[in-house]
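work-v6.txt follows (compact mmCIF, C-alpha atoms):
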# COMPACT_ATOMS: atom_id res chain seq x y z
CA MET A 1 0.00 0.00 0.00
CA GLU A 2 2.77 2.44 0.90
CA GLU A 3 4.19 2.33 -2.62
CA GLN A 4 0.84 3.53 -3.97
CA LEU A 5 0.86 6.72 -1.92
CA PRO A 6 2.76 8.88 -4.45
CA GLN A 7 0.11 8.08 -7.08
CA MET A 8 -2.90 8.79 -4.89
CA ARG A 9 -4.39 12.00 -6.12
CA ARG A 10 -7.69 13.48 -7.19
CA ARG A 11 -8.30 16.03 -9.92
CA TYR A 12 -10.54 18.77 -8.58
CA THR A 13 -13.12 19.96 -11.11
CA ALA A 14 -16.09 21.23 -9.08
CA GLY A 15 -15.68 24.90 -9.93
CA ARG A 16 -14.01 28.22 -9.33
CA LEU A 17 -14.14 30.65 -6.43
CA LEU A 18 -13.79 34.28 -7.44
CA GLU A 19 -13.83 37.40 -5.33
CA GLY A 20 -17.12 38.48 -6.86
CA ASP A 21 -18.73 35.25 -5.66
CA LEU A 22 -18.24 36.01 -1.99
CA ALA A 23 -20.74 37.49 0.44
CA ALA A 24 -19.66 40.68 2.22
CA ASP A 25 -19.87 38.91 5.58
CA PRO A 26 -17.81 35.71 5.97
CA PHE A 27 -20.45 34.18 8.24
CA ASP A 28 -22.99 34.51 5.44
CA GLU A 29 -20.55 32.80 3.10
CA PHE A 30 -19.92 30.07 5.66
CA ALA A 31 -23.66 29.50 6.11
CA ALA A 32 -24.03 29.02 2.35
CA TRP A 33 -21.11 26.56 2.21
CA LEU A 34 -22.40 24.64 5.22
CA SER A 35 -25.80 24.40 3.56
CA ASP A 36 -24.13 23.03 0.41
CA ALA A 37 -22.28 20.43 2.52
CA VAL A 38 -25.52 19.35 4.16
CA SER A 39 -27.33 19.17 0.81
CA ALA A 40 -24.51 17.05 -0.60
CA GLY A 41 -25.16 14.47 2.11
CA LEU A 42 -21.74 14.70 3.71
CA THR A 43 -21.25 12.71 6.90
CA GLU A 44 -21.06 15.04 9.93
CA PRO A 45 -20.92 18.28 7.90
CA ASN A 46 -20.55 20.21 11.17
CA ALA A 47 -17.40 18.27 12.11
CA MET A 48 -14.33 20.47 12.44
CA VAL A 49 -10.71 19.80 13.30
CA LEU A 50 -9.74 21.93 16.30
CA GLY A 51 -6.06 22.76 16.67
CA THR A 52 -4.57 23.97 19.96
CA VAL A 53 -1.05 24.50 21.31
CA GLY A 54 0.21 23.32 24.70
CA ALA A 55 2.50 25.04 27.17
CA ASP A 56 5.39 23.06 25.66
CA GLY A 57 4.74 24.63 22.26
CA ARG A 58 3.54 21.39 20.74
CA PRO A 59 0.34 21.45 18.69
CA SER A 60 -2.48 18.96 18.98
CA SER A 61 -5.64 18.45 16.97
CA ARG A 62 -8.90 16.54 17.21
CA THR A 63 -12.34 16.54 15.61
CA VAL A 64 -15.19 18.26 17.44
CA LEU A 65 -18.68 19.23 16.35
CA LEU A 66 -19.78 22.78 15.62
CA LYS A 67 -22.90 23.37 17.70
CA GLY A 68 -23.67 27.00 17.00
CA ILE A 69 -22.71 30.20 15.21
CA GLU A 70 -23.58 33.04 17.57
CA ASP A 71 -22.55 36.69 17.82
CA GLY A 72 -19.70 36.30 15.38
CA ALA A 73 -18.28 33.11 16.88
CA PHE A 74 -18.14 29.36 16.23
CA VAL A 75 -19.33 27.37 19.27
CA PHE A 76 -18.47 23.88 20.50
CA PHE A 77 -18.71 22.03 23.84
CA THR A 78 -16.31 19.83 25.78
CA ASN A 79 -15.00 18.64 29.12
CA THR A 80 -13.02 21.46 30.77
CA GLY A 81 -10.46 18.93 32.01
CA SER A 82 -9.71 17.70 28.49
CA ARG A 83 -6.42 18.39 26.77
CA LYS A 84 -8.04 20.83 24.39
CA ALA A 85 -9.66 22.85 27.17
CA LEU A 86 -6.50 22.96 29.26
CA GLU A 87 -4.48 24.10 26.27
CA ILE A 88 -7.04 26.79 25.45
CA ALA A 89 -6.80 28.00 29.06
CA GLY A 90 -3.05 28.47 28.57
CA ASN A 91 -3.13 29.71 24.98
CA PRO A 92 -6.49 30.83 23.54
CA TYR A 93 -5.31 31.00 19.92
CA VAL A 94 -6.81 28.10 17.99
CA SER A 95 -7.50 26.89 14.47
CA LEU A 96 -10.55 25.21 12.97
CA CYS A 97 -10.71 23.21 9.75
CA PHE A 98 -13.91 22.03 8.06
CA PRO A 99 -12.62 19.31 5.67
CA TRP A 100 -15.39 19.04 3.09
CA ILE A 101 -13.13 17.20 0.64
CA ALA A 102 -16.00 15.26 -0.94
CA VAL A 103 -17.26 18.55 -2.40
CA GLU A 104 -13.69 19.80 -3.03
CA ARG A 105 -13.87 22.47 -0.36
CA GLN A 106 -12.55 23.32 3.05
CA VAL A 107 -12.87 26.26 5.41
CA LEU A 108 -9.99 27.29 7.65
CA VAL A 109 -10.48 29.52 10.68
CA GLY A 110 -7.92 31.16 12.94
CA GLY A 111 -9.10 32.89 16.08
CA VAL A 112 -9.39 33.18 19.82
CA ALA A 113 -11.33 30.75 22.03
CA SER A 114 -13.01 31.49 25.35
CA PRO A 115 -15.71 29.84 27.51
CA VAL A 116 -19.34 30.69 26.80
CA PRO A 117 -21.59 32.00 29.61
CA ARG A 118 -22.78 29.23 31.92
CA ALA A 119 -26.40 29.86 30.89
CA ASP A 120 -25.49 29.01 27.29
CA THR A 121 -23.85 25.76 28.39
CA GLU A 122 -26.92 24.81 30.42
CA ALA A 123 -29.27 25.61 27.52
CA TYR A 124 -27.34 23.38 25.12
CA TRP A 125 -26.98 20.62 27.74
CA ARG A 126 -30.77 20.32 27.94
CA MET A 127 -30.84 19.60 24.19
CA ARG A 128 -28.39 16.68 24.41
CA PRO A 129 -29.61 13.07 24.38
CA ARG A 130 -29.63 11.46 27.81
CA GLU A 131 -26.96 8.93 26.81
CA SER A 132 -24.64 11.77 25.83
CA GLN A 133 -25.29 13.50 29.15
CA VAL A 134 -24.49 10.29 31.04
CA GLY A 135 -21.38 9.77 28.94
CA ALA A 136 -20.11 13.24 29.83
CA TRP A 137 -20.33 12.36 33.52
CA ALA A 138 -18.64 8.99 32.97
CA SER A 139 -15.62 10.22 31.06
CA ARG A 140 -12.82 12.27 32.61
CA GLN A 141 -11.77 13.18 29.12
CA SER A 142 -8.09 12.83 28.14
CA SER A 143 -7.15 11.08 31.40
CA VAL A 144 -5.53 7.63 31.31
CA ILE A 145 -7.88 4.75 32.18
CA GLY A 146 -7.20 1.07 32.69
CA SER A 147 -9.70 -0.52 30.33
CA ARG A 148 -12.91 -0.22 28.33
CA GLY A 149 -14.64 -1.99 31.20
CA GLU A 150 -13.67 0.82 33.56
CA LEU A 151 -15.32 3.35 31.26
CA GLU A 152 -18.48 1.26 30.91
CA ALA A 153 -18.65 0.81 34.67
CA ALA A 154 -18.42 4.57 35.14
CA ALA A 155 -21.25 5.05 32.64
CA ALA A 156 -23.40 2.50 34.45
CA ALA A 157 -22.73 4.23 37.77
CA ALA A 158 -23.68 7.61 36.29
CA GLU A 159 -26.86 6.13 34.82
CA GLU A 160 -27.83 4.79 38.24
CA ARG A 161 -26.84 7.98 40.05
CA PHE A 162 -29.02 10.18 37.85
CA ALA A 163 -32.28 8.28 37.59
CA GLY A 164 -34.13 11.43 36.62
CA GLU A 165 -32.77 14.60 35.06
CA VAL A 166 -29.02 14.64 34.45
CA PRO A 167 -27.43 17.90 35.69
CA VAL A 168 -24.70 19.79 33.86
CA PRO A 169 -21.28 18.80 35.21
CA GLU A 170 -19.17 21.61 36.60
CA PHE A 171 -16.36 20.26 34.40
CA TRP A 172 -18.26 20.72 31.14
CA SER A 173 -18.61 23.93 29.11
CA GLY A 174 -19.06 25.53 25.75
CA TYR A 175 -16.35 27.49 23.98
CA ARG A 176 -16.70 30.25 21.41
CA VAL A 177 -14.07 30.87 18.76
CA VAL A 178 -14.03 34.46 17.53
CA PRO A 179 -12.27 34.40 14.16
CA GLU A 180 -9.51 36.72 13.04
CA THR A 181 -9.29 34.98 9.66
CA ILE A 182 -11.68 32.74 7.71
CA GLU A 183 -10.33 31.13 4.55
CA PHE A 184 -12.51 29.51 1.90
CA TRP A 185 -10.65 26.92 -0.17
CA GLN A 186 -12.01 25.58 -3.45
CA GLY A 187 -10.10 22.80 -5.20
CA GLY A 188 -8.97 23.45 -8.75
CA PRO A 189 -7.44 21.44 -11.63
CA GLY A 190 -3.66 21.28 -11.78
CA ARG A 191 -3.57 22.15 -8.08
CA LEU A 192 -4.44 25.76 -8.98
CA HIS A 193 -6.81 25.95 -6.05
CA ASP A 194 -8.73 29.07 -5.10
CA ARG A 195 -8.00 30.41 -1.61
CA LEU A 196 -9.89 33.51 -0.52
CA ARG A 197 -9.31 34.69 3.02
CA TYR A 198 -11.34 37.15 5.03
CA ARG A 199 -9.17 38.97 7.57
CA VAL A 200 -10.24 41.32 10.33
CA VAL A 201 -9.01 44.87 9.85
CA GLY A 202 -10.33 47.38 12.36
CA SER A 203 -14.07 46.84 12.67
CA GLY A 204 -14.49 45.12 9.31
CA TRP A 205 -13.18 42.46 6.95
CA ILE A 206 -10.94 42.54 3.92
CA VAL A 207 -10.61 39.71 1.38
CA GLU A 208 -7.22 38.47 0.25
CA ARG A 209 -6.35 35.87 -2.38
CA LEU A 210 -3.66 33.42 -1.33
CA ALA A 211 -1.46 31.42 -3.67
CA PRO A 212 -2.31 27.71 -3.55
In structure tokens, what does this structure look like?
Amino acid sequence: MEEQLPQMRRRYTAGRLLEGDLAADPFDEFAAWLSDAVSAGLTEPNAMVLGTVGADGRPSSRTVLLKGIEDGAFVFFTNTGSRKALEIAGNPYVSLCFPWIAVERQVLVGGVASPVPRADTEAYWRMRPRESQVGAWASRQSSVIGSRGELEAAAAAAEERFAGEVPVPEFWSGYRVVPETIEFWQGGPGRLHDRLRYRVVGSGWIVERLAP
């Protein structure tokens, strides 16, 4: 299989992305692209790769789910004891990548993350399925555990503990990422991709074309 890697490539032919195609507001453009991803039937179109940097200067990344776009920010939720949350606490600069490769697109975001108000966390928590609520209590995310059985036992204990309504853990929160840049990437033939980046300047946005 390894010898096949140099020949693995795809010719992108879906279309062009020109400056005149863009909405004035990058969040309007993102909404249109997200709608296209949903319409195309992509699996988990709201999945995004979140990149953070630890105190040792080493980056880490993982996939999380976008759960809201509010007041100029991308919102997700996680355990506040997780690696991602601890790294955000030490360095709030993060990246997001929406890898919609099946439709020859991706969106790249660079910005600053911070916790959402507790009321927002509680409001979203009430929308979660019960099994997801129980799972949040069972998992001390990113900590080392001995076995799968240990995790399942913790879930069973949480299920028994909360026979009725499952409360929001103190160690669980939402985070909002306020972007400084939002890049829209459209694949092109011959690797002449289109990369148009919105960048904050003062109180508004400018659009820049980047070489592919």
* By how many Å are CA of Pro129 in chain A and CA of Gln141 in chain A apart? ->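 Between these atoms lies a distance of 18.5 Å.
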* Structure fact -> Judged by only C-alpha atoms, the minimum distance to Arg62 in chain A among A:Leu34, A:Val112, A:Val178, A:Val94 is found for A:Val94
* Asked: What does the distance from CA of Ala156 in chain A to CA of Lys67 in chain A come to in Å, to one decimal?
  -> 26.8 Å
* **Nearest to Gly110 in chain A by atom-to-atom distance, counting only C-alpha atoms, from A:Ser142, A:Ser39, A:Ser132, A:Thr181** => A:Thr181
* With only C-alpha atoms as the atoms that count, which of A:Ala155, A:Val207, A:Leu66, A:Val166 lies nearest to Arg126 in chain A? ->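 Among A:Ala155, A:Val207, A:Leu66, A:Val166, it is A:Val166 that comes nearest to Arg126 in chain A.
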* To do: Write out as number ranges by chain each polymer residue whose atoms come within 12 Å of Phe162 in chain A, counting all atoms listed in the file; drop sequence neighbours fewer than 6 positions from it.
  => A: 130-131, 133-135, 137-138, 155-156, 168-169
Is there a way to complete range 21-36 of chain A with N, CA and C atoms and then write that out as a PDB file, in the frame of the given file?
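Result written to rebuild14.pdb:
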ATOM      1  N   ASP A  21     -17.777  36.255  -6.118  1.00  0.00           N
ATOM      2  CA  ASP A  21     -18.730  35.250  -5.660  1.00  0.00           C
ATOM      3  C   ASP A  21     -19.016  35.342  -4.167  1.00  0.00           C
ATOM      4  N   LEU A  22     -18.164  36.033  -3.443  1.00  0.00           N
ATOM      5  CA  LEU A  22     -18.240  36.010  -1.990  1.00  0.00           C
ATOM      6  C   LEU A  22     -19.270  36.978  -1.428  1.00  0.00           C
ATOM      7  N   ALA A  23     -19.884  36.589  -0.317  1.00  0.00           N
ATOM      8  CA  ALA A  23     -20.740  37.490   0.440  1.00  0.00           C
ATOM      9  C   ALA A  23     -19.861  38.502   1.164  1.00  0.00           C
ATOM     10  N   ALA A  24     -20.426  39.650   1.508  1.00  0.00           N
ATOM     11  CA  ALA A  24     -19.660  40.680   2.220  1.00  0.00           C
ATOM     12  C   ALA A  24     -19.254  40.203   3.609  1.00  0.00           C
ATOM     13  N   ASP A  25     -20.113  39.409   4.238  1.00  0.00           N
ATOM     14  CA  ASP A  25     -19.870  38.910   5.580  1.00  0.00           C
ATOM     15  C   ASP A  25     -19.426  37.449   5.494  1.00  0.00           C
ATOM     16  N   PRO A  26     -18.281  37.090   6.074  1.00  0.00           N
ATOM     17  CA  PRO A  26     -17.810  35.710   5.970  1.00  0.00           C
ATOM     18  C   PRO A  26     -18.739  34.695   6.619  1.00  0.00           C
ATOM     19  N   PHE A  27     -19.519  35.116   7.620  1.00  0.00           N
ATOM     20  CA  PHE A  27     -20.450  34.180   8.240  1.00  0.00           C
ATOM     21  C   PHE A  27     -21.609  33.852   7.305  1.00  0.00           C
ATOM     22  N   ASP A  28     -21.984  34.811   6.457  1.00  0.00           N
ATOM     23  CA  ASP A  28     -22.990  34.510   5.440  1.00  0.00           C
ATOM     24  C   ASP A  28     -22.438  33.535   4.418  1.00  0.00           C
ATOM     25  N   GLU A  29     -21.176  33.717   4.047  1.00  0.00           N
ATOM     26  CA  GLU A  29     -20.550  32.800   3.100  1.00  0.00           C
ATOM     27  C   GLU A  29     -20.427  31.411   3.721  1.00  0.00           C
ATOM     28  N   PHE A  30     -20.037  31.366   4.998  1.00  0.00           N
ATOM     29  CA  PHE A  30     -19.920  30.070   5.660  1.00  0.00           C
ATOM     30  C   PHE A  30     -21.266  29.362   5.726  1.00  0.00           C
ATOM     31  N   ALA A  31     -22.326  30.095   6.029  1.00  0.00           N
ATOM     32  CA  ALA A  31     -23.660  29.500   6.110  1.00  0.00           C
ATOM     33  C   ALA A  31     -24.050  28.873   4.768  1.00  0.00           C
ATOM     34  N   ALA A  32     -23.706  29.551   3.679  1.00  0.00           N
ATOM     35  CA  ALA A  32     -24.030  29.020   2.350  1.00  0.00           C
ATOM     36  C   ALA A  32     -23.215  27.749   2.072  1.00  0.00           C
ATOM     37  N   TRP A  33     -21.944  27.750   2.438  1.00  0.00           N
ATOM     38  CA  TRP A  33     -21.110  26.560   2.210  1.00  0.00           C
ATOM     39  C   TRP A  33     -21.545  25.412   3.100  1.00  0.00           C
ATOM     40  N   LEU A  34     -21.909  25.697   4.336  1.00  0.00           N
ATOM     41  CA  LEU A  34     -22.400  24.640   5.220  1.00  0.00           C
ATOM     42  C   LEU A  34     -23.687  24.043   4.670  1.00  0.00           C
ATOM     43  N   SER A  35     -24.568  24.886   4.155  1.00  0.00           N
ATOM     44  CA  SER A  35     -25.800  24.400   3.560  1.00  0.00           C
ATOM     45  C   SER A  35     -25.512  23.492   2.366  1.00  0.00           C
ATOM     46  N   ASP A  36     -24.519  23.866   1.553  1.00  0.00           N
ATOM     47  CA  ASP A  36     -24.130  23.030   0.410  1.00  0.00           C
ATOM     48  C   ASP A  36     -23.607  21.672   0.897  1.00  0.00           C
TER      49      ASP A  36
END
